[in-house]
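Data block for entry-v8.txt (compact mmCIF, C-alpha atoms (C1' of nucleotides)):
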# COMPACT_ATOMS: atom_id res chain seq x y z
CA MET R 1 63.47 -88.37 -27.30
CA LYS R 2 65.96 -90.08 -24.99
CA LYS R 3 63.84 -93.20 -25.14
CA THR R 4 63.85 -93.17 -28.92
CA ILE R 5 67.60 -92.89 -29.06
CA LEU R 6 68.01 -95.65 -26.51
CA ILE R 7 65.69 -97.98 -28.41
CA TYR R 8 67.48 -97.18 -31.61
CA GLY R 9 70.87 -97.87 -30.11
CA LEU R 10 69.78 -101.16 -28.58
CA SER R 11 68.13 -102.28 -31.82
CA LEU R 12 71.29 -101.45 -33.67
CA ALA R 13 73.44 -103.39 -31.25
CA VAL R 14 71.17 -106.44 -31.22
CA LEU R 15 70.81 -106.49 -34.96
CA VAL R 16 74.50 -106.20 -35.59
CA PHE R 17 75.11 -108.99 -33.16
CA LEU R 18 72.47 -111.24 -34.69
CA LEU R 19 73.61 -110.58 -38.20
CA GLU R 20 77.16 -111.32 -37.31
CA TYR R 21 76.14 -114.49 -35.63
CA PHE R 22 74.00 -115.76 -38.51
CA GLU R 23 76.52 -114.66 -41.04
CA TYR R 24 79.12 -116.94 -39.57
CA ARG R 25 76.77 -119.81 -38.93
CA TYR R 26 74.53 -120.12 -41.93
CA PHE R 27 73.80 -117.31 -44.28
CA VAL R 28 77.17 -116.57 -45.66
CA HIS R 29 77.11 -119.92 -47.33
CA GLU R 30 73.59 -119.71 -48.67
CA LEU R 31 73.09 -116.02 -49.38
CA SER R 32 75.27 -113.98 -51.61
CA THR R 33 77.08 -111.03 -50.09
CA GLU R 34 74.93 -108.70 -52.16
CA VAL R 35 71.76 -109.98 -50.57
CA PHE R 36 73.31 -109.77 -47.13
CA VAL R 37 74.33 -106.15 -47.60
CA PHE R 38 70.93 -105.37 -49.05
CA LEU R 39 69.18 -106.81 -46.00
CA ILE R 40 71.30 -104.78 -43.63
CA ALA R 41 70.70 -101.66 -45.67
CA LEU R 42 66.97 -102.30 -45.69
CA ILE R 43 66.74 -102.89 -41.98
CA PHE R 44 68.73 -99.84 -41.04
CA THR R 45 66.90 -97.68 -43.51
CA GLY R 46 63.70 -98.70 -41.77
CA LEU R 47 65.21 -97.96 -38.39
CA GLY R 48 66.41 -94.60 -39.63
CA LEU R 49 62.97 -93.74 -40.92
CA TRP R 50 61.37 -94.83 -37.69
CA ALA R 51 63.81 -92.89 -35.53
CA GLY R 52 63.46 -89.86 -37.74
CA LYS R 53 59.70 -89.96 -37.49
CA LYS R 54 59.85 -90.30 -33.72
CA LEU R 55 62.25 -87.42 -33.38
CA THR R 56 60.34 -85.05 -35.65
CA ASN R 57 56.95 -86.00 -34.21
CA GLN R 58 58.19 -84.95 -30.84
CA THR R 59 58.55 -81.40 -32.07
CA LYS R 60 55.21 -81.40 -33.87
CA ILE R 61 52.89 -82.14 -30.97
CA GLU R 62 52.93 -78.69 -29.41
CA PRO R 63 52.13 -76.29 -32.25
CA PRO R 64 50.48 -73.15 -30.82
CA PRO R 65 52.40 -71.89 -27.81
CA PHE R 66 50.96 -68.38 -27.87
CA GLU R 67 53.61 -65.87 -27.02
CA GLN R 68 52.43 -62.38 -26.34
CA ASN R 69 54.02 -59.67 -28.37
CA GLU R 70 55.34 -57.69 -25.43
CA LYS R 71 57.45 -55.47 -27.63
CA ALA R 72 54.34 -54.24 -29.44
CA ILE R 73 52.55 -53.69 -26.16
CA ARG R 74 55.38 -51.60 -24.85
CA TYR R 75 55.78 -49.77 -28.11
CA LEU R 76 52.09 -48.86 -28.18
CA LYS R 77 52.29 -47.91 -24.51
CA ILE R 78 49.33 -50.06 -23.61
CA SER R 79 48.94 -50.27 -19.85
CA GLU R 80 48.14 -53.31 -17.72
CA ARG R 81 44.60 -52.25 -17.10
CA GLU R 82 43.95 -51.45 -20.71
CA LEU R 83 45.15 -54.89 -21.69
CA GLU R 84 42.79 -56.48 -19.20
CA VAL R 85 39.89 -54.57 -20.67
CA LEU R 86 40.99 -55.52 -24.15
CA GLU R 87 41.03 -59.20 -23.31
CA LEU R 88 37.54 -59.05 -21.89
CA VAL R 89 36.28 -57.13 -24.88
CA ALA R 90 37.74 -59.83 -27.10
CA GLN R 91 35.75 -62.40 -25.15
CA GLY R 92 32.55 -60.61 -26.10
CA PHE R 93 31.70 -58.95 -22.80
CA SER R 94 29.79 -55.69 -22.64
CA ASN R 95 31.23 -52.60 -20.98
CA LYS R 96 28.95 -53.22 -18.03
CA GLN R 97 30.10 -56.81 -17.62
CA ILE R 98 33.73 -55.79 -17.89
CA SER R 99 33.21 -53.07 -15.29
CA ASP R 100 31.72 -55.61 -12.89
CA LYS R 101 34.57 -58.05 -13.41
CA LEU R 102 37.18 -55.37 -12.79
CA PHE R 103 35.24 -53.72 -9.94
CA VAL R 104 35.21 -50.30 -11.57
CA SER R 105 32.54 -48.05 -13.01
CA VAL R 106 31.38 -48.23 -16.60
CA ASN R 107 32.93 -44.81 -17.11
CA THR R 108 36.33 -46.12 -16.21
CA THR R 109 36.01 -48.97 -18.62
CA LYS R 110 34.97 -46.58 -21.33
CA THR R 111 37.96 -44.37 -20.58
CA HIS R 112 40.32 -47.33 -20.87
CA LEU R 113 38.67 -48.27 -24.12
CA SER R 114 38.99 -44.78 -25.51
CA HIS R 115 42.68 -44.81 -24.78
CA LEU R 116 42.97 -48.23 -26.38
CA TYR R 117 41.21 -47.11 -29.53
CA GLU R 118 43.55 -44.20 -29.77
CA LYS R 119 46.64 -46.32 -29.28
CA LEU R 120 45.46 -48.99 -31.67
CA ASP R 121 44.23 -46.37 -34.09
CA VAL R 122 40.76 -47.84 -34.44
CA LYS R 123 37.21 -46.65 -33.92
CA ARG R 124 35.28 -49.67 -32.69
CA ARG R 125 35.76 -52.53 -30.29
CA THR R 126 35.54 -55.14 -33.03
CA GLN R 127 38.36 -53.47 -34.90
CA ALA R 128 40.37 -53.26 -31.72
CA VAL R 129 39.98 -56.98 -31.18
CA GLU R 130 40.87 -57.73 -34.77
CA LYS R 131 43.98 -55.59 -34.61
CA ALA R 132 45.04 -56.79 -31.18
CA LYS R 133 44.87 -60.38 -32.32
CA SER R 134 46.83 -59.76 -35.46
CA LEU R 135 49.47 -57.97 -33.42
CA LYS R 136 49.39 -60.82 -30.92
CA LEU R 137 48.64 -58.46 -28.09
CA ILE R 138 46.04 -60.98 -27.03
CA GLU R 139 45.32 -64.59 -27.83
CA MET D 1 58.20 -86.61 -52.82
CA LYS D 2 58.89 -88.55 -56.00
CA LYS D 3 62.24 -86.82 -56.26
CA THR D 4 63.15 -87.80 -52.72
CA ILE D 5 62.33 -91.43 -53.38
CA LEU D 6 64.28 -91.41 -56.61
CA ILE D 7 67.34 -89.87 -54.98
CA TYR D 8 67.12 -92.35 -52.18
CA GLY D 9 66.87 -95.28 -54.55
CA LEU D 10 69.79 -94.13 -56.62
CA SER D 11 71.94 -93.49 -53.56
CA LEU D 12 71.14 -96.94 -52.32
CA ALA D 13 72.05 -98.56 -55.60
CA VAL D 14 75.29 -96.63 -55.97
CA LEU D 15 76.34 -97.28 -52.40
CA VAL D 16 75.63 -100.96 -52.57
CA PHE D 17 77.63 -101.17 -55.74
CA LEU D 18 80.57 -99.23 -54.32
CA LEU D 19 80.61 -101.19 -51.12
CA GLU D 20 80.53 -104.44 -52.96
CA TYR D 21 83.35 -103.31 -55.15
CA PHE D 22 85.58 -102.14 -52.34
CA GLU D 23 84.74 -105.11 -50.27
CA TYR D 24 86.18 -107.43 -52.85
CA ARG D 25 89.14 -105.27 -53.68
CA TYR D 26 90.56 -104.01 -50.45
CA PHE D 27 88.52 -103.68 -47.33
CA VAL D 28 87.55 -107.19 -46.63
CA HIS D 29 91.15 -107.93 -45.94
CA GLU D 30 91.82 -104.90 -43.80
CA LEU D 31 88.54 -104.24 -42.05
CA SER D 32 86.76 -106.73 -39.90
CA THR D 33 83.27 -107.80 -40.95
CA GLU D 34 81.86 -106.05 -37.88
CA VAL D 35 83.23 -102.72 -38.98
CA PHE D 36 81.97 -103.27 -42.50
CA VAL D 37 78.46 -104.05 -41.32
CA PHE D 38 78.60 -101.10 -38.95
CA LEU D 39 79.53 -98.75 -41.76
CA ILE D 40 76.69 -99.94 -43.93
CA ALA D 41 74.27 -99.63 -41.04
CA LEU D 42 75.49 -96.13 -40.31
CA ILE D 43 75.20 -94.96 -43.88
CA PHE D 44 71.73 -96.35 -44.41
CA THR D 45 70.53 -95.07 -41.08
CA GLY D 46 71.59 -91.65 -42.21
CA LEU D 47 69.85 -92.10 -45.52
CA GLY D 48 66.73 -93.30 -43.74
CA LEU D 49 66.74 -90.27 -41.47
CA TRP D 50 67.28 -87.95 -44.41
CA ALA D 51 64.52 -89.54 -46.48
CA GLY D 52 62.20 -89.54 -43.50
CA LYS D 53 62.84 -85.89 -42.87
CA LYS D 54 62.22 -85.03 -46.49
CA LEU D 55 59.00 -86.99 -46.59
CA THR D 56 57.60 -85.58 -43.37
CA ASN D 57 58.69 -82.03 -44.15
CA GLN D 58 56.64 -82.19 -47.27
CA THR D 59 53.50 -82.63 -45.21
CA LYS D 60 54.52 -80.00 -42.67
CA ILE D 61 54.95 -77.01 -44.93
CA GLU D 62 51.27 -76.22 -45.37
CA PRO D 63 49.84 -76.10 -41.86
CA PRO D 64 46.85 -73.74 -41.86
CA PRO D 65 44.58 -74.55 -44.77
CA PHE D 66 41.44 -73.06 -43.24
CA GLU D 67 38.50 -75.26 -44.02
CA GLN D 68 35.13 -73.81 -43.33
CA ASN D 69 32.90 -75.84 -41.14
CA GLU D 70 30.11 -76.21 -43.67
CA LYS D 71 28.34 -78.78 -41.59
CA ALA D 72 27.94 -76.31 -38.75
CA ILE D 73 26.78 -73.62 -41.14
CA ARG D 74 24.13 -75.90 -42.52
CA TYR D 75 23.17 -77.17 -39.11
CA LEU D 76 22.71 -73.63 -37.82
CA LYS D 77 20.82 -72.74 -41.00
CA ILE D 78 22.98 -69.70 -41.61
CA SER D 79 22.25 -68.23 -45.04
CA GLU D 80 24.71 -66.92 -47.62
CA ARG D 81 23.91 -63.31 -46.95
CA GLU D 82 24.13 -63.75 -43.22
CA LEU D 83 27.57 -65.27 -43.59
CA GLU D 84 28.72 -62.33 -45.67
CA VAL D 85 27.58 -59.94 -43.00
CA LEU D 86 29.24 -62.06 -40.35
CA GLU D 87 32.56 -61.93 -42.15
CA LEU D 88 32.42 -58.16 -42.44
CA VAL D 89 31.46 -57.81 -38.80
CA ALA D 90 34.47 -59.91 -37.90
CA GLN D 91 36.64 -57.49 -39.82
CA GLY D 92 35.46 -54.69 -37.58
CA PHE D 93 33.13 -52.84 -39.90
CA SER D 94 30.15 -50.90 -38.62
CA ASN D 95 26.64 -51.72 -39.77
CA LYS D 96 26.73 -48.69 -42.02
CA GLN D 97 29.99 -49.73 -43.65
CA ILE D 98 28.71 -53.25 -44.16
CA SER D 99 25.53 -51.91 -45.72
CA ASP D 100 27.53 -49.85 -48.16
CA LYS D 101 29.71 -52.79 -49.10
CA LEU D 102 26.72 -55.02 -49.72
CA PHE D 103 24.61 -52.30 -51.39
CA VAL D 104 21.72 -52.67 -48.99
CA SER D 105 20.18 -50.48 -46.33
CA VAL D 106 21.36 -50.43 -42.75
CA ASN D 107 18.04 -51.96 -41.79
CA THR D 108 18.72 -54.99 -43.91
CA THR D 109 22.10 -55.47 -42.35
CA LYS D 110 20.56 -55.21 -38.95
CA THR D 111 17.96 -57.78 -39.84
CA HIS D 112 20.64 -60.20 -40.99
CA LEU D 113 22.52 -59.58 -37.79
CA SER D 114 19.46 -60.18 -35.64
CA HIS D 115 18.95 -63.52 -37.33
CA LEU D 116 22.61 -64.35 -36.85
CA TYR D 117 22.52 -63.55 -33.16
CA GLU D 118 19.51 -65.77 -32.78
CA LYS D 119 21.09 -68.65 -34.67
CA LEU D 120 24.40 -68.30 -32.88
CA ASP D 121 22.65 -67.77 -29.58
CA VAL D 122 24.53 -64.60 -28.69
CA LYS D 123 23.63 -61.04 -27.81
CA ARG D 124 26.42 -58.91 -29.24
CA ARG D 125 28.49 -58.75 -32.39
CA THR D 126 31.72 -59.39 -30.54
CA GLN D 127 30.30 -62.58 -29.12
CA ALA D 128 29.07 -63.56 -32.56
CA VAL D 129 32.54 -63.13 -33.99
CA GLU D 130 34.08 -65.05 -31.11
CA LYS D 131 31.67 -67.93 -31.53
CA ALA D 132 31.83 -67.96 -35.31
CA LYS D 133 35.60 -68.23 -35.20
CA SER D 134 35.58 -71.01 -32.66
CA LEU D 135 33.06 -72.90 -34.79
CA LYS D 136 35.17 -72.17 -37.85
CA LEU D 137 32.26 -70.57 -39.61
CA ILE D 138 34.69 -67.85 -40.58
CA GLU D 139 38.45 -67.49 -40.66
C1' DT O 1 -1.00 -73.20 -55.39
C1' DC O 2 0.53 -72.40 -51.18
C1' DA O 3 3.70 -72.42 -47.18
C1' DG O 4 8.09 -71.17 -45.88
C1' DG O 5 12.68 -69.49 -46.34
C1' DC O 6 15.34 -65.72 -47.99
C1' DG O 7 16.41 -61.05 -48.91
C1' DT O 8 14.98 -56.65 -48.75
C1' DC O 9 13.33 -52.43 -46.23
C1' DA O 10 11.04 -49.39 -42.70
C1' DC O 11 9.95 -47.40 -38.10
C1' DC O 12 10.39 -47.11 -33.29
C1' DC O 13 12.59 -47.40 -28.96
C1' DG O 14 15.80 -48.38 -25.55
C1' DA O 15 20.37 -50.01 -24.53
C1' DA O 16 25.10 -50.00 -25.39
C1' DA O 17 29.01 -47.90 -27.15
C1' DG O 18 31.89 -44.11 -28.04
C1' DT O 19 33.49 -38.88 -27.59
C1' DA O 20 34.85 -34.93 -25.04
C1' DT O 21 36.30 -32.79 -21.05
C1' DG O 22 37.67 -32.35 -16.55
C1' DA O 23 38.81 -33.86 -11.95
C1' DT O 24 40.88 -36.73 -8.16
C1' DT O 25 43.72 -40.32 -6.35
C1' DT O 26 47.52 -43.73 -6.75
C1' DT O 27 51.80 -44.99 -7.82
C1' DG O 28 56.37 -45.60 -9.74
C1' DC O 29 60.53 -43.56 -10.21
C1' DA O 30 64.04 -39.97 -10.87
C1' DT N 1 59.96 -35.40 -2.49
C1' DG N 2 57.78 -34.26 -6.43
C1' DC N 3 56.34 -35.08 -11.07
C1' DA N 4 54.24 -37.82 -14.75
C1' DA N 5 51.74 -41.58 -15.95
C1' DA N 6 48.14 -44.48 -14.81
C1' DA N 7 43.81 -45.38 -12.80
C1' DT N 8 39.69 -43.92 -11.29
C1' DC N 9 35.16 -41.53 -11.77
C1' DA N 10 31.75 -38.20 -13.46
C1' DT N 11 28.67 -35.56 -16.55
C1' DA N 12 26.88 -34.66 -20.88
C1' DC N 13 26.20 -35.66 -25.51
C1' DT N 14 26.23 -38.33 -30.10
C1' DT N 15 26.33 -42.43 -32.55
C1' DT N 16 25.78 -47.13 -33.09
C1' DC N 17 23.60 -51.40 -31.88
C1' DG N 18 20.06 -54.45 -31.07
C1' DG N 19 15.08 -55.89 -30.35
C1' DG N 20 10.48 -55.97 -31.98
C1' DT N 21 7.28 -55.76 -35.46
C1' DG N 22 5.46 -55.69 -39.91
C1' DA N 23 5.66 -55.73 -44.86
C1' DC N 24 6.74 -57.02 -49.78
C1' DG N 25 8.56 -59.75 -53.61
C1' DC N 26 10.94 -63.94 -55.11
C1' DC N 27 11.76 -68.65 -55.38
C1' DT N 28 11.26 -73.55 -54.28
C1' DG N 29 9.41 -77.75 -52.85
C1' DA N 30 5.31 -80.22 -51.21

Whole structure given in structure tokens:
Amino acid sequence: MKKTILIYGLSLAVLVFLLEYFEYRYFVHELSTEVFVFLIALIFTGLGLWAGKKLTNQTKIEPPPFEQNEKAIRYLKISERELEVLELVAQGFSNKQISDKLFVSVNTTKTHLSHLYEKLDVKRRTQAVEKAKSLKLIE
Amino acid sequence: MKKTILIYGLSLAVLVFLLEYFEYRYFVHELSTEVFVFLIALIFTGLGLWAGKKLTNQTKIEPPPFEQNEKAIRYLKISERELEVLELVAQGFSNKQISDKLFVSVNTTKTHLSHLYEKLDVKRRTQAVEKAKSLKLIE
DNA sequence: TCAGGCGTCACCCGAAAGTATGATTTTGCA
DNA sequence: TGCAAAATCATACTTTCGGGTGACGCCTGA
């Protein structure tokens, strides 16, 4: 961004200088004023386009900066632990695998899941994942 | 797009004409050539930026035009029916619900799913959904 | 015509998931 | 300090999933 502006400024300065110089020396006698103005317009249009592209591209590179919908999480009263379980479910892990990762029993995992289903108002894990993603509770 | 170009062209023509006119009439005597050139540069830079923004915005409005990865589907030899089942699974439906939607028995749905798991190299429906989405087999 | 893929269905069995209920411990906070 | 929410675990039971196997009809390409 800063670099783009700097380059643009320098180009502008150099071009103005050069044009001024050549205008006095040669062109003004050979080229009509219309052509001279047209050239300047053309050059600076190009520079404008280029600078514009640079500046907008900068903001286009990073498109998906996932931001968790914390409001929804709080509103649905989903706890930390439940969210952890939810994330693992979304990654396709079984209850057993989740239990091992979280160092708890399968029963505990199932309890968390039951609570989640209730809060999300769903019946199955796949629905929970679907809903959680649409609500941006998880990525 | 066409409209933008047209507007730009017209603006350019009008501005050149006006500048020429005023140059001859008044300004050339009051303003230095440097200032004149600077003004033209400024105006056309602005126009360039504006046109550039218009042109790039056009291509930025439609960002997520989901295109199914048909190559992957063919490569994995996933059939039509299997894909239908997969989509419904991804929407969180149970085997029974899917069977009802497709007017087949639960057994048939299960058979399709078994084949899918094999082809996707997964063990559970949640994993299948996860993988299918990452491969863009489904939305 | 015949093999092979696809779609359909069935039956069985075990594993995984989900429901219901209750209990204990931890912990944050009023 | 004491209460409520959260986290943990258990037991028992039902439902859903998933694997394995086999079967039948249809269609297509070799």

Using only C-alpha atoms (C1' of nucleotides), find each residue in chain R having at least one atom no more than 12 Å away from chain O; report its shortest atom-to-atom pair and that distance in Å (one decimal), rows by chain then rising number, as a tab-separated table.
residue	atom	partner	partner_atom	distance
R:Val89	CA	O:DA17	C1'	12.0
R:Phe93	CA	O:DA16	C1'	11.4
R:Ser94	CA	O:DA16	C1'	7.9
R:Asn95	CA	O:DA16	C1'	8.0
R:Lys96	CA	O:DA16	C1'	8.9
R:Gln97	CA	O:DA16	C1'	11.5
R:Val106	CA	O:DA17	C1'	10.8
R:Asn107	CA	O:DG18	C1'	11.0
R:Thr109	CA	O:DA17	C1'	11.1
R:Lys110	CA	O:DG18	C1'	7.8
R:Thr111	CA	O:DG18	C1'	9.6
R:His112	CA	O:DG18	C1'	11.5
R:Leu113	CA	O:DG18	C1'	8.9
R:Ser114	CA	O:DG18	C1'	7.6
R:His115	CA	O:DT19	C1'	11.3
R:Leu116	CA	O:DG18	C1'	11.9
R:Tyr117	CA	O:DG18	C1'	9.9
R:Glu118	CA	O:DT19	C1'	11.6
R:Val122	CA	O:DG18	C1'	11.6
R:Lys123	CA	O:DG18	C1'	8.3
R:Arg124	CA	O:DG18	C1'	8.0
R:Arg125	CA	O:DA17	C1'	8.8
R:Thr126	CA	O:DA17	C1'	11.4

Discussion item. Residues of chain R within 8 Å of chain N, counting all atoms listed in the file, what are they? List them as JSON, numbers by chain.
Written reply: {"R": [79, 104, 105, 107, 108]}

Worksheet item: Which residue, R:Gln91, R:Ser134, R:Asn69, R:Ser99, has the smallest gap to chain D when you use all atoms listed in the file?
Response: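 Closest to chain D, using all atoms listed in the file: R:Gln91.
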
Worksheet item: Quick one: distance from CA of Glu82 (chain R) to CA of Glu87 (chain D) in Å, one decimal?
Response: 26.4 Å

Worksheet item: By how many Å are CA of Ile138 (chain D) and CA of Gln68 (chain D) apart?
Response: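 Distance between the two atoms: 6.6 Å.
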
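The space separating CA of Thr45 (chain R) from CA of Leu47 (chain D) comes to 6.6 Å.
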
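Taking all atoms listed in the file into account, chain R lies nearest to D:Glu130 out of the set D:Glu67, D:Glu139, D:Glu84, D:Glu130.
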
Practice prompt. Kindly indicate which residue among R:Ala72, R:Ile43, R:Leu86, R:Ala132 lies nearest to chain D, using only C-alpha atoms for the distances.
Written response: R:Ile43

For region 90-112 of chain R, supply N, CA, C and O atoms and format the output as a PDB file, in the coordinates of the input.
ATOM      1  N   ALA R  90      37.539 -58.793 -26.100  1.00  0.00           N
ATOM      2  CA  ALA R  90      37.740 -59.830 -27.100  1.00  0.00           C
ATOM      3  C   ALA R  90      36.901 -61.064 -26.808  1.00  0.00           C
ATOM      4  O   ALA R  90      36.563 -61.827 -27.694  1.00  0.00           O
ATOM      5  N   GLN R  91      36.567 -61.238 -25.527  1.00  0.00           N
ATOM      6  CA  GLN R  91      35.750 -62.400 -25.150  1.00  0.00           C
ATOM      7  C   GLN R  91      34.263 -62.101 -25.284  1.00  0.00           C
ATOM      8  O   GLN R  91      33.427 -62.924 -24.919  1.00  0.00           O
ATOM      9  N   GLY R  92      33.945 -60.922 -25.795  1.00  0.00           N
ATOM     10  CA  GLY R  92      32.550 -60.610 -26.100  1.00  0.00           C
ATOM     11  C   GLY R  92      31.756 -59.998 -24.958  1.00  0.00           C
ATOM     12  O   GLY R  92      30.541 -59.924 -25.033  1.00  0.00           O
ATOM     13  N   PHE R  93      32.422 -59.547 -23.921  1.00  0.00           N
ATOM     14  CA  PHE R  93      31.700 -58.950 -22.800  1.00  0.00           C
ATOM     15  C   PHE R  93      31.327 -57.501 -23.091  1.00  0.00           C
ATOM     16  O   PHE R  93      32.040 -56.793 -23.806  1.00  0.00           O
ATOM     17  N   SER R  94      30.224 -57.077 -22.495  1.00  0.00           N
ATOM     18  CA  SER R  94      29.790 -55.690 -22.640  1.00  0.00           C
ATOM     19  C   SER R  94      30.584 -54.822 -21.676  1.00  0.00           C
ATOM     20  O   SER R  94      31.224 -55.314 -20.755  1.00  0.00           O
ATOM     21  N   ASN R  95      30.520 -53.516 -21.877  1.00  0.00           N
ATOM     22  CA  ASN R  95      31.230 -52.600 -20.980  1.00  0.00           C
ATOM     23  C   ASN R  95      30.786 -52.811 -19.539  1.00  0.00           C
ATOM     24  O   ASN R  95      31.593 -52.788 -18.613  1.00  0.00           O
ATOM     25  N   LYS R  96      29.494 -53.014 -19.379  1.00  0.00           N
ATOM     26  CA  LYS R  96      28.950 -53.220 -18.030  1.00  0.00           C
ATOM     27  C   LYS R  96      29.548 -54.479 -17.397  1.00  0.00           C
ATOM     28  O   LYS R  96      29.999 -54.443 -16.243  1.00  0.00           O
ATOM     29  N   GLN R  97      29.558 -55.552 -18.140  1.00  0.00           N
ATOM     30  CA  GLN R  97      30.100 -56.810 -17.620  1.00  0.00           C
ATOM     31  C   GLN R  97      31.571 -56.677 -17.272  1.00  0.00           C
ATOM     32  O   GLN R  97      32.028 -57.175 -16.239  1.00  0.00           O
ATOM     33  N   ILE R  98      32.300 -55.995 -18.135  1.00  0.00           N
ATOM     34  CA  ILE R  98      33.730 -55.790 -17.890  1.00  0.00           C
ATOM     35  C   ILE R  98      33.914 -54.977 -16.614  1.00  0.00           C
ATOM     36  O   ILE R  98      34.756 -55.294 -15.776  1.00  0.00           O
ATOM     37  N   SER R  99      33.113 -53.926 -16.478  1.00  0.00           N
ATOM     38  CA  SER R  99      33.210 -53.070 -15.290  1.00  0.00           C
ATOM     39  C   SER R  99      32.982 -53.896 -14.025  1.00  0.00           C
ATOM     40  O   SER R  99      33.712 -53.741 -13.035  1.00  0.00           O
ATOM     41  N   ASP R 100      32.007 -54.779 -14.067  1.00  0.00           N
ATOM     42  CA  ASP R 100      31.720 -55.610 -12.890  1.00  0.00           C
ATOM     43  C   ASP R 100      32.887 -56.538 -12.580  1.00  0.00           C
ATOM     44  O   ASP R 100      33.268 -56.715 -11.424  1.00  0.00           O
ATOM     45  N   LYS R 101      33.454 -57.124 -13.626  1.00  0.00           N
ATOM     46  CA  LYS R 101      34.570 -58.050 -13.410  1.00  0.00           C
ATOM     47  C   LYS R 101      35.783 -57.341 -12.826  1.00  0.00           C
ATOM     48  O   LYS R 101      36.512 -57.909 -12.028  1.00  0.00           O
ATOM     49  N   LEU R 102      36.003 -56.111 -13.244  1.00  0.00           N
ATOM     50  CA  LEU R 102      37.180 -55.370 -12.790  1.00  0.00           C
ATOM     51  C   LEU R 102      36.895 -54.484 -11.576  1.00  0.00           C
ATOM     52  O   LEU R 102      37.768 -53.768 -11.095  1.00  0.00           O
ATOM     53  N   PHE R 103      35.643 -54.522 -11.105  1.00  0.00           N
ATOM     54  CA  PHE R 103      35.240 -53.720  -9.940  1.00  0.00           C
ATOM     55  C   PHE R 103      35.490 -52.223 -10.150  1.00  0.00           C
ATOM     56  O   PHE R 103      36.017 -51.546  -9.267  1.00  0.00           O
ATOM     57  N   VAL R 104      35.118 -51.733 -11.310  1.00  0.00           N
ATOM     58  CA  VAL R 104      35.210 -50.300 -11.570  1.00  0.00           C
ATOM     59  C   VAL R 104      33.901 -49.851 -12.212  1.00  0.00           C
ATOM     60  O   VAL R 104      33.040 -50.669 -12.515  1.00  0.00           O
ATOM     61  N   SER R 105      33.767 -48.544 -12.397  1.00  0.00           N
ATOM     62  CA  SER R 105      32.540 -48.050 -13.010  1.00  0.00           C
ATOM     63  C   SER R 105      32.608 -48.192 -14.530  1.00  0.00           C
ATOM     64  O   SER R 105      33.681 -48.353 -15.102  1.00  0.00           O
ATOM     65  N   VAL R 106      31.421 -48.123 -15.142  1.00  0.00           N
ATOM     66  CA  VAL R 106      31.380 -48.230 -16.600  1.00  0.00           C
ATOM     67  C   VAL R 106      32.197 -47.102 -17.228  1.00  0.00           C
ATOM     68  O   VAL R 106      32.845 -47.292 -18.263  1.00  0.00           O
ATOM     69  N   ASN R 107      32.171 -45.949 -16.585  1.00  0.00           N
ATOM     70  CA  ASN R 107      32.930 -44.810 -17.110  1.00  0.00           C
ATOM     71  C   ASN R 107      34.421 -45.128 -17.217  1.00  0.00           C
ATOM     72  O   ASN R 107      35.071 -44.771 -18.205  1.00  0.00           O
ATOM     73  N   THR R 108      34.913 -45.767 -16.200  1.00  0.00           N
ATOM     74  CA  THR R 108      36.330 -46.120 -16.210  1.00  0.00           C
ATOM     75  C   THR R 108      36.649 -47.053 -17.373  1.00  0.00           C
ATOM     76  O   THR R 108      37.638 -46.862 -18.091  1.00  0.00           O
ATOM     77  N   THR R 109      35.805 -48.038 -17.515  1.00  0.00           N
ATOM     78  CA  THR R 109      36.010 -48.970 -18.620  1.00  0.00           C
ATOM     79  C   THR R 109      35.995 -48.234 -19.959  1.00  0.00           C
ATOM     80  O   THR R 109      36.832 -48.484 -20.834  1.00  0.00           O
ATOM     81  N   LYS R 110      35.061 -47.326 -20.090  1.00  0.00           N
ATOM     82  CA  LYS R 110      34.970 -46.580 -21.330  1.00  0.00           C
ATOM     83  C   LYS R 110      36.218 -45.710 -21.550  1.00  0.00           C
ATOM     84  O   LYS R 110      36.694 -45.553 -22.690  1.00  0.00           O
ATOM     85  N   THR R 111      36.727 -45.166 -20.469  1.00  0.00           N
ATOM     86  CA  THR R 111      37.960 -44.370 -20.580  1.00  0.00           C
ATOM     87  C   THR R 111      39.109 -45.244 -21.072  1.00  0.00           C
ATOM     88  O   THR R 111      39.830 -44.880 -22.001  1.00  0.00           O
ATOM     89  N   HIS R 112      39.251 -46.414 -20.439  1.00  0.00           N
ATOM     90  CA  HIS R 112      40.320 -47.330 -20.870  1.00  0.00           C
ATOM     91  C   HIS R 112      40.154 -47.652 -22.349  1.00  0.00           C
ATOM     92  O   HIS R 112      41.126 -47.655 -23.107  1.00  0.00           O
TER      93      HIS R 112
END
